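Engineer: Quick one: the structure is below, and I'll ask about it shortly.
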There are 2 protein chains.
Amino acid sequence: MPSEAKQKRPSSQERQAGLIAAAASLFAAKGFNGTTTKEIAKAAGVSEALVFKHFPTKQALYAAILAEKVSVGELLEAVEESAKKRDDRRVFTLIAGFRIRPGVDPTLLRLLLFSALEGHELSDMFFGKHHKVFYDHLATYIGTRIEEGAFRKVDPLLAARAFIGLVVHHRLLHEIFGVPMHRSHEETVSSYVDLFLHGLVETPPHRLRQGSRS
Amino acid sequence: MPSEAKQKRPSSQERQAGLIAAAASLFAAKGFNGTTTKEIAKAAGVSEALVFKHFPTKQALYAAILAEKVSVGELLEAVEESAKKRDDRRVFTLIAGFRIRPGVDPTLLRLLLFSALEGHELSDMFFGKHHKVFYDHLATYIGTRIEEGAFRKVDPLLAARAFIGLVVHHRLLHEIFGVPMHRSHEETVSSYVDLFLHGLVETPPHRLRQGSRS
DNA sequence: CCTCCAGGTGAGTAAACACTTACTCACCGG
DNA sequence: CCGGTGAGTAAGTGTTTACTCACCTGGAGG
């Protein structure tokens, strides 16, 4: 049936990329143990045997996925720039907005969780390149701002994790547990940033302790 | 070898409980697909066939686990009491300290995540009884305190989720990703509560906008 | 003593699994 | 036109999986 345009056979690299893409979405959807090599082959439109021509084992394919998906990319530059200007709100908004935005791909988060839960070897590396960078960066910035007297004296690492916690938890709820959003992405990000920054900034010396007792 | 005390055969209920306990820890460690019925039987010290005498399928066993582990229990009462006294700090400390404390069992969190990721039917119920109650309760309290003028005007549900987010993220880092704690449990809880409450309480009318530019 | 029956098991079974083997086909340089 | 090569596959391999079934066991009751 020559009705289809005869497309030439993809190169080895293209094939691998196709296999990785197919496998990634399947692993993200059903986990490593929940995905069969047959399914992967079918999704990539090739025979099962070819999968093993490119990757010696299913594990190796999984490792290739994790190794490929480690781009954080341009975000950190933008954060760096705002950090130089000491635009606190923008620093936090950039980070939160990078993860909380319309049409964000849940694949990576699911893959990250699956790999951690299933105790995969590359899980650490994946986590390090994908999340640790964020709160390390953020912790450094918060530390700097504390020294400058702009922020209250808190543990910078704990504070950074707390903020990432807001963001990650939000994604967990919506992308994994399927809780509906009741605010727009912008409003959500803005609320989180506002809440967090308000908790962080130094307030003029004044009463602050709570306990108003009824 | 009759050196062991001859213990009488456990009742049907005890057997089921034993099977559930064995299966729960295995499912938590390796997921539903990663755990075999043979392993479960071995862990419970019985033959594989007996597992199917008690639970018609592996799925049914999994469902029984999720259905059993749904006790939140006495915490909400303590929270309620502190809420009546308007002891904000204690309300938040109780909730955070319930999840962040020495020797907390990671089984439930892992089970919850696995069931959500693997898309299990009972995942919703599990999530609802285990986490939703927390931030529903908390959101109500925050809403009340806002009306009383004690807290700033924020979206109560978003704020509640944000706080639970801190706690859950903390557990994720330490129980799933294996990040070491660098503060004691008490210090951690205290820091989180402090940070969050500070972001929530009403401040006297004053400048608050940021942007101090270097 | 025999019967009964819940509790328990060894030995399966068919399907599904990761992975292999032996092969075809299209293409290309000489 | 030939032989080599890399992409691709149909049809397996042995193993593991969830699940079944015929059978055993030991104590209670007649």
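Each chain in the structure tokens gets a letter, A, B and so on, in the order shown; residues start at 1 in every chain, and ligands are counted from 1 in the order they appear.
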Could you give me, as a Markdown table, every chain B residue with an atom at most 10 Å from chain C, plus its closest atom pair and distance in Å to one decimal, counting only C-alpha atoms (C1' of nucleotides), rows ordered by chain then number?
Structural biologist:
```
| residue | atom | partner | partner_atom | distance |
| --- | --- | --- | --- | --- |
| B:Arg9 | CA | C:DG7 | C1' | 8.4 |
| B:Pro10 | CA | C:DG7 | C1' | 9.4 |
| B:Ser11 | CA | C:DG7 | C1' | 8.9 |
| B:Ser12 | CA | C:DG7 | C1' | 8.3 |
| B:Val46 | CA | C:DG8 | C1' | 8.5 |
| B:Ser47 | CA | C:DT9 | C1' | 6.6 |
| B:Glu48 | CA | C:DT9 | C1' | 8.8 |
| B:Ala49 | CA | C:DT9 | C1' | 7.3 |
| B:Leu50 | CA | C:DG8 | C1' | 6.9 |
| B:Lys53 | CA | C:DG8 | C1' | 9.5 |
```
Engineer: Please identify every residue of chain D that has at least one atom no more than 10 Å from any atom of chain B, counting only C-alpha atoms (C1' of nucleotides), and report them as a PyMOL selection string.
Structural biologist: chain D and resi 16-20
Engineer: Hey, can you spit out that residue selection with N, CA and C atoms (P, O5', C5', C4', C3', O3' and C1' of nucleotides) as a short mmCIF file (atom, residue, chain, number, x, y, z; two decimals), in the first residue's frame?
Structural biologist:
```cif
data_model
loop_
_atom_site.label_atom_id
_atom_site.label_comp_id
_atom_site.auth_asym_id
_atom_site.auth_seq_id
_atom_site.Cartn_x
_atom_site.Cartn_y
_atom_site.Cartn_z
P DT D 16 13.15 -17.36 37.94
"O5'" DT D 16 11.79 -16.52 37.95
"C5'" DT D 16 11.73 -15.30 37.21
"C4'" DT D 16 10.32 -14.79 37.21
"C3'" DT D 16 9.59 -14.90 38.56
"O3'" DT D 16 8.99 -13.66 38.80
"C1'" DT D 16 8.26 -15.80 36.83
P DT D 17 8.34 -13.28 40.19
"O5'" DT D 17 6.79 -13.22 39.83
"C5'" DT D 17 6.33 -12.35 38.79
"C4'" DT D 17 4.90 -12.68 38.45
"C3'" DT D 17 4.04 -12.98 39.65
"O3'" DT D 17 3.31 -11.83 39.99
"C1'" DT D 17 3.65 -14.53 37.85
P DA D 18 2.47 -11.77 41.36
"O5'" DA D 18 1.01 -12.24 40.92
"C5'" DA D 18 0.32 -11.57 39.88
"C4'" DA D 18 -0.87 -12.40 39.46
"C3'" DA D 18 -1.90 -12.65 40.56
"O3'" DA D 18 -3.21 -12.53 40.01
"C1'" DA D 18 -1.07 -14.72 39.74
P DC D 19 -4.47 -12.57 40.97
"O5'" DC D 19 -4.83 -14.12 40.94
"C5'" DC D 19 -5.09 -14.73 39.68
"C4'" DC D 19 -5.09 -16.23 39.81
"C3'" DC D 19 -6.00 -16.83 40.90
"O3'" DC D 19 -7.05 -17.55 40.28
"C1'" DC D 19 -3.96 -17.98 40.72
P DT D 20 -8.16 -18.33 41.05
"O5'" DT D 20 -7.68 -19.85 40.92
"C5'" DT D 20 -7.42 -20.37 39.63
"C4'" DT D 20 -7.23 -21.87 39.71
"C3'" DT D 20 -8.25 -22.64 40.56
"O3'" DT D 20 -8.61 -23.81 39.83
"C1'" DT D 20 -6.06 -23.14 41.28
#
```
Engineer: Using only C-alpha atoms, find the residues of chain B whose closest atom to chain A is at most 6 Å away, then write them as a PyMOL selection string.
Structural biologist: chain B and resi 30+33-34+85-87+118+162+165-166+169+195-196+198-199+211+213-214
Engineer: I need the residue nearest Met125 of chain A from this list: A:Ala63, A:Val189, A:Ala96, A:Ala44. Use only C-alpha atoms for the distance.
Structural biologist: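 Of A:Ala63, A:Val189, A:Ala96, A:Ala44, the one nearest Met125 of chain A, counting only C-alpha atoms, is A:Ala63.
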Engineer: Atom CA of Phe98 of chain A and atom CA of Asp136 of chain B, how far apart in Å?
Structural biologist: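 These two atoms are separated by 27.1 Å.
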Engineer: What does the distance from atom CA of Ala23 of chain A to atom CA of Ala64 of chain A come to in Å, to one decimal?
Structural biologist: 10.1 Å
Engineer: What are the DSSP helix (DSSP H, G or I) residues of chain A, as number ranges by chain?
Structural biologist: A: 12-30, 37-44, 48-54, 58-68, 75-84, 88-99, 107-117, 123-147, 156-176, 185-200
Engineer: Just the number, please: distance in Å from atom CA of Val193 of chain A to atom CA of Gly97 of chain A, one decimal.
Structural biologist: 9.8 Å
